[in-house]
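Worksheet: the structure to be examined is printed underneath.
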There are 2 protein chains.
Amino acid sequence: MTSPSLLFPGARTPRKPKGQGAERREEILDAAQTLFAQKGVHAVSTRQIAELAGISQPALYAYFATKDDIAAELCVRAFAILGQRMAAARAAYVLTPENFERCLRVYIDFGLDHPDAYRVAFMLEKSVDGSFLEKTGGRPMLAGREVFAVFVEMIGELHAQGAMAGEDVMAAAQSLWAGLHGLVSLLIARPEFPWIEREALIATHVAMLRRGALK
Amino acid sequence: MTSPSLLFPGARTPRKPKGQGAERREEILDAAQTLFAQKGVHAVSTRQIAELAGISQPALYAYFATKDDIAAELCVRAFAILGQRMAAARAAYVLTPENFERCLRVYIDFGLDHPDAYRVAFMLEKSVDGSFLEKTGGRPMLAGREVFAVFVEMIGELHAQGAMAGEDVMAAAQSLWAGLHGLVSLLIARPEFPWIEREALIATHVAMLRRGALK
DNA sequence: AGTGATAAGTTATCAGTGATCGACAATCCT
DNA sequence: AGGATTGTCGATCACTGATAACTTATCACT
């Protein structure tokens, strides 16, 4: 079959207007963000993303090496927001136990506000041979580690104040992080569980973690 | 293409001997268990399971409606083990804070021993329309709920002893479960994170949860 | 204006996935 | 012996992520 332009020269093909540099990339990310939020990352196909972005499916691969890279990019961006929020919550006040709780809540609220990014960073499957995290260089996880570093700083400061329950700062930070992650990830993964009222649950959990971590 | 049996009638097809009732089913589950443990659930295809089980891929569907059903069955079986272990740990001693910690460890050890079952029950994606949990009737999650009920009982008993930090038994149980789940799921999902030595981390975490939950 | 190079999109296609269908063989019951 | 049932298989479907080869638009430069 010959090209339509040989039969009808000039503007016969229904091609979309050309993307101006980085704009196409943003359009793709916007489309993916929308779909991921609607159906979850792994239920969205590259064709669906492409259609919503107004391009053909292979055109995605001019901007992203894999589908997972799209999710990773969204994830890194979301975690940049979390880093800012946590740094702000930590910098705005003197580090008291009350403000400590405030930072924990910032983490929880972020996870619930950005469930897909949170999933990509901390819940997605990492198979043995050459899958997601290797392909994307573990960037989402790295973004998460920066956030974890804020926990370490906070706990180190509280330890210096003599407010910590234990002596091992790193152990306390990892345990605290795990405690927060548990609530966030369960609420994301199993929203249909008969949870008690959410605000009460978060308050109970944060209080428990504080009692467990501080003197 | 004509069937080989038309050219060479009689026993020309390399068909495997017929499975005797439930045996085939067990062979399939064994094969799936092995592969899931090696590569992770979503990296294993139905063809791989069938090959290891010594049957053709469509034959799987005589025993299981979907691939997820296979994972769900393995998950339910694994959780039956957890239920037994927790009931045993709870029944073996008078419920003291020390034995409370022991039960928490049983949960953690189980999750780390059966990461694939744990993933299916509490970490897998539940997309909006008609996916895993709907298809399988949420059986893995139900198995998990029975385990959660043991937590509620334990905490109720401790509350009656006046040993609980708060007043709301259900809130404390959900918070405690989330705290445990956080450590298990993070260790499963992100083993490459620079964790401190595992036994020390578990000990720190269990101690923190105990301090947070009990008086 | 005409030229080649580059960038951006397209159609067509690939191998692999979960799942289904119709045909065939083994077994059992009468 | 023969018919029905049950178990299994090859072929195939629709779909997935990803790639190849080709076409077109745009730009720099003479």
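Identifiers in this document derive from the order of the structure tokens: chains are assigned A, B, ..., residues are numbered from 1 separately in each chain, and ligands are numbered from 1 in order of occurrence.
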Chain C residues near chain B within 9 Å, closest pair each, using only C-alpha atoms (C1' of nucleotides), as a Markdown table:
| residue | atom | partner | partner_atom | distance |
| --- | --- | --- | --- | --- |
| C:DT17 | C1' | B:Ser45 | CA | 7.3 |
| C:DG18 | C1' | B:Thr46 | CA | 7.5 |
| C:DA19 | C1' | B:Thr66 | CA | 8.1 |
| C:DT20 | C1' | B:Pro58 | CA | 8.6 |
| C:DA26 | C1' | B:Lys18 | CA | 8.2 |
*Counting only C-alpha atoms, which residues from chain B have an atom at most 7 Å from any atom of chain A, and could you show them as a ChimeraX atom specification?*
/B:39-40,43,122-128,171,175,178-183,186,189,196,201,204-205,208-209,211-213
So that I have them on file, write out the residues from the current selection with C-alpha atoms, as a PDB file, in the first residue's frame.
ATOM      1  CA  LYS B  39      11.108 -15.631  40.664  1.00  0.00           C
ATOM      2  CA  GLY B  40       8.180 -13.991  42.381  1.00  0.00           C
ATOM      3  CA  ALA B  43       7.285 -13.089  36.905  1.00  0.00           C
ATOM      4  CA  PHE B 122      -1.413  -8.087  51.937  1.00  0.00           C
ATOM      5  CA  MET B 123       0.735  -6.430  49.303  1.00  0.00           C
ATOM      6  CA  LEU B 124      -0.680  -7.252  45.896  1.00  0.00           C
ATOM      7  CA  GLU B 125      -2.389  -4.611  43.874  1.00  0.00           C
ATOM      8  CA  LYS B 126      -6.141  -4.465  44.017  1.00  0.00           C
ATOM      9  CA  SER B 127      -7.216  -2.551  40.949  1.00  0.00           C
ATOM     10  CA  VAL B 128     -10.554  -0.836  40.753  1.00  0.00           C
ATOM     11  CA  ALA B 171      -7.703   0.556  67.400  1.00  0.00           C
ATOM     12  CA  SER B 175      -2.258  -0.278  64.891  1.00  0.00           C
ATOM     13  CA  ALA B 178       0.116  -2.308  60.894  1.00  0.00           C
ATOM     14  CA  GLY B 179       3.324  -1.992  62.873  1.00  0.00           C
ATOM     15  CA  LEU B 180       4.182  -5.624  62.330  1.00  0.00           C
ATOM     16  CA  HIS B 181       3.172  -5.564  58.704  1.00  0.00           C
ATOM     17  CA  GLY B 182       5.437  -2.620  58.038  1.00  0.00           C
ATOM     18  CA  LEU B 183       8.565  -4.460  59.015  1.00  0.00           C
ATOM     19  CA  LEU B 186       9.509  -3.719  53.805  1.00  0.00           C
ATOM     20  CA  ALA B 189       9.842  -5.732  49.161  1.00  0.00           C
ATOM     21  CA  ILE B 196      20.955  -3.250  60.165  1.00  0.00           C
ATOM     22  CA  LEU B 201      16.128  -5.005  63.783  1.00  0.00           C
ATOM     23  CA  THR B 204      14.180  -3.446  68.226  1.00  0.00           C
ATOM     24  CA  HIS B 205      10.897  -3.383  66.370  1.00  0.00           C
ATOM     25  CA  MET B 208       9.131  -0.716  70.255  1.00  0.00           C
ATOM     26  CA  LEU B 209       5.696  -2.099  69.448  1.00  0.00           C
ATOM     27  CA  ARG B 211       6.375  -0.280  74.576  1.00  0.00           C
ATOM     28  CA  GLY B 212       3.880   1.487  72.353  1.00  0.00           C
ATOM     29  CA  ALA B 213       1.013  -0.928  72.896  1.00  0.00           C
TER      30      ALA B 213
END
*One-decimal distance in Å that lies between CA of Gln33 (chain B) and CA of Ala117 (chain B)*: 9.4 Å
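Interface residues of chain D facing chain B, defined by any atom at most 12 Å away and using only C-alpha atoms (C1' of nucleotides), are DT6, DG7, DT8, DC9, DG10, DA11 and DT12 of chain D.
The shell of residues at most 12 Å from DA15 (chain C), with only C-alpha atoms (C1' of nucleotides) counted and near chain neighbours (fewer than 4 positions) removed, consists of DT16, DG17, DA18 and DT19 of chain D.
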*Going by DSSP on the backbone, which bits of chain B are helix (DSSP H, G or I)? Write them as a PyMOL selection string, please.*
chain B and resi 4-7+22-39+41-43+46-53+57-62+67-91+97-113+115-122+132-135+139-160+169-189+198-213
Take the residues just selected and output them with C-alpha atoms as a short mmCIF file (atom, residue, chain, number, x, y, z; two decimals), in the first residue's frame.
data_model
loop_
_atom_site.label_atom_id
_atom_site.label_comp_id
_atom_site.auth_asym_id
_atom_site.auth_seq_id
_atom_site.Cartn_x
_atom_site.Cartn_y
_atom_site.Cartn_z
CA PRO B 4 0.17 -36.89 14.33
CA SER B 5 -2.20 -39.61 15.41
CA LEU B 6 -3.76 -39.63 11.97
CA LEU B 7 -0.39 -40.43 10.41
CA ALA B 22 -6.48 -34.51 43.17
CA GLU B 23 -2.87 -35.51 42.54
CA ARG B 24 -2.54 -33.35 39.46
CA ARG B 25 -3.81 -30.45 41.44
CA GLU B 26 -1.12 -30.94 44.06
CA GLU B 27 1.55 -31.26 41.39
CA ILE B 28 0.45 -27.97 39.92
CA LEU B 29 0.53 -26.30 43.30
CA ASP B 30 3.97 -27.73 44.02
CA ALA B 31 5.30 -26.49 40.69
CA ALA B 32 3.79 -23.06 41.21
CA GLN B 33 5.13 -22.87 44.76
CA THR B 34 8.64 -23.63 43.54
CA LEU B 35 8.54 -21.12 40.72
CA PHE B 36 6.90 -18.38 42.78
CA ALA B 37 9.58 -18.75 45.40
CA GLN B 38 12.29 -18.54 42.76
CA LYS B 39 11.11 -15.63 40.66
CA VAL B 41 4.52 -14.42 41.54
CA HIS B 42 4.10 -12.02 38.67
CA ALA B 43 7.28 -13.09 36.91
CA THR B 46 1.24 -20.24 33.29
CA ARG B 47 3.33 -21.99 30.66
CA GLN B 48 6.25 -22.28 33.04
CA ILE B 49 4.02 -23.72 35.74
CA ALA B 50 2.53 -26.19 33.29
CA GLU B 51 5.91 -27.31 32.02
CA LEU B 52 7.26 -27.94 35.50
CA ALA B 53 4.08 -29.78 36.39
CA GLN B 57 -0.73 -24.96 29.72
CA PRO B 58 -4.49 -25.25 29.03
CA ALA B 59 -4.67 -28.23 31.38
CA LEU B 60 -4.09 -25.84 34.27
CA TYR B 61 -7.51 -24.40 33.72
CA ALA B 62 -9.17 -27.71 34.45
CA LYS B 67 -3.51 -17.99 37.49
CA ASP B 68 -4.31 -15.85 40.50
CA ASP B 69 -6.38 -18.69 41.92
CA ILE B 70 -3.25 -20.79 42.10
CA ALA B 71 -1.48 -18.10 44.08
CA ALA B 72 -4.56 -17.67 46.26
CA GLU B 73 -4.69 -21.36 47.08
CA LEU B 74 -1.04 -21.39 48.10
CA CYS B 75 -1.66 -18.28 50.14
CA VAL B 76 -4.60 -19.72 52.02
CA ARG B 77 -2.62 -22.86 52.83
CA ALA B 78 0.30 -20.83 54.10
CA PHE B 79 -1.96 -18.74 56.30
CA ALA B 80 -3.44 -21.85 57.79
CA ILE B 81 0.09 -22.58 59.00
CA LEU B 82 0.38 -19.10 60.48
CA GLY B 83 -2.93 -19.48 62.24
CA GLN B 84 -1.79 -22.73 63.81
CA ARG B 85 1.52 -21.25 64.88
CA MET B 86 -0.03 -18.20 66.45
CA ALA B 87 -2.70 -20.18 68.20
CA ALA B 88 0.01 -22.50 69.50
CA ALA B 89 2.21 -19.63 70.66
CA ARG B 90 -0.75 -18.07 72.39
CA ALA B 91 -2.01 -21.26 74.02
CA PRO B 97 3.99 -9.28 77.96
CA GLU B 98 6.91 -11.62 77.19
CA ASN B 99 4.65 -14.14 75.51
CA PHE B 100 2.93 -11.27 73.75
CA GLU B 101 6.28 -10.47 72.14
CA ARG B 102 6.64 -14.12 71.24
CA CYS B 103 3.41 -14.00 69.25
CA LEU B 104 4.56 -10.91 67.42
CA ARG B 105 7.70 -12.74 66.42
CA VAL B 106 5.71 -15.68 65.15
CA TYR B 107 3.92 -13.31 62.80
CA ILE B 108 7.15 -11.73 61.58
CA ASP B 109 8.91 -15.05 61.12
CA PHE B 110 5.98 -16.39 59.16
CA GLY B 111 5.98 -13.46 56.76
CA LEU B 112 9.69 -13.80 56.12
CA ASP B 113 9.38 -17.55 55.66
CA PRO B 115 7.07 -14.01 51.34
CA ASP B 116 5.01 -14.96 48.31
CA ALA B 117 1.97 -15.95 50.31
CA TYR B 118 2.37 -12.81 52.38
CA ARG B 119 2.58 -10.71 49.25
CA VAL B 120 -0.59 -12.20 47.83
CA ALA B 121 -2.49 -11.61 51.03
CA PHE B 122 -1.41 -8.09 51.94
CA PHE B 132 -7.48 -10.20 41.77
CA LEU B 133 -9.45 -9.91 44.97
CA GLU B 134 -12.82 -9.90 43.28
CA LYS B 135 -11.95 -12.89 41.12
CA ARG B 139 -9.90 -15.66 50.09
CA PRO B 140 -6.29 -14.82 50.93
CA MET B 141 -7.41 -11.68 52.68
CA LEU B 142 -10.02 -13.67 54.60
CA ALA B 143 -7.32 -16.06 55.76
CA GLY B 144 -5.41 -13.01 56.93
CA ARG B 145 -8.41 -11.74 58.85
CA GLU B 146 -8.57 -14.87 60.91
CA VAL B 147 -5.02 -14.21 61.99
CA PHE B 148 -5.94 -10.63 62.79
CA ALA B 149 -8.72 -11.95 64.99
CA VAL B 150 -6.07 -13.62 67.15
CA PHE B 151 -4.48 -10.22 67.68
CA VAL B 152 -7.80 -8.79 68.74
CA GLU B 153 -8.28 -11.60 71.24
CA MET B 154 -4.82 -11.16 72.68
CA ILE B 155 -5.14 -7.45 73.05
CA GLY B 156 -8.57 -7.84 74.53
CA GLU B 157 -7.16 -10.14 77.15
CA LEU B 158 -4.30 -7.78 77.91
CA HIS B 159 -6.77 -4.93 78.13
CA ALA B 160 -8.80 -6.91 80.67
CA VAL B 169 -8.99 -2.56 71.74
CA MET B 170 -9.79 -2.54 68.03
CA ALA B 171 -7.70 0.56 67.40
CA ALA B 172 -4.78 -0.96 69.27
CA ALA B 173 -5.08 -4.23 67.37
CA GLN B 174 -5.15 -2.52 63.99
CA SER B 175 -2.26 -0.28 64.89
CA LEU B 176 -0.23 -3.19 66.18
CA TRP B 177 -0.92 -5.24 63.09
CA ALA B 178 0.12 -2.31 60.89
CA GLY B 179 3.32 -1.99 62.87
CA LEU B 180 4.18 -5.62 62.33
CA HIS B 181 3.17 -5.56 58.70
CA GLY B 182 5.44 -2.62 58.04
CA LEU B 183 8.57 -4.46 59.02
CA VAL B 184 7.61 -7.68 57.24
CA SER B 185 6.53 -6.05 54.03
CA LEU B 186 9.51 -3.72 53.80
CA LEU B 187 11.97 -6.54 54.37
CA ILE B 188 10.21 -8.54 51.67
CA ALA B 189 9.84 -5.73 49.16
CA ARG B 198 18.10 -8.53 60.83
CA GLU B 199 17.77 -10.11 64.26
CA ALA B 200 18.65 -6.83 65.95
CA LEU B 201 16.13 -5.01 63.78
CA ILE B 202 13.36 -7.43 64.63
CA ALA B 203 14.19 -7.24 68.31
CA THR B 204 14.18 -3.45 68.23
CA HIS B 205 10.90 -3.38 66.37
CA VAL B 206 9.10 -5.86 68.59
CA ALA B 207 10.33 -4.01 71.67
CA MET B 208 9.13 -0.72 70.25
CA LEU B 209 5.70 -2.10 69.45
CA ARG B 210 5.43 -3.56 72.92
CA ARG B 211 6.37 -0.28 74.58
CA GLY B 212 3.88 1.49 72.35
CA ALA B 213 1.01 -0.93 72.90
#
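Going from C1' of DA23 (chain C) over to C1' of DC13 (chain D), you cover 17.3 Å.
When CA of Glu167 (chain A) is paired with CA of Tyr93 (chain A), their separation reads 24.4 Å.
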*asked:* Show me, as a PyMOL selection string, the residues that have an atom within 12 Å of DA21 (chain D) when counting only C-alpha atoms (C1' of nucleotides), minus same-chain residues fewer than 6 positions from it.
replied: chain C and resi 10-13
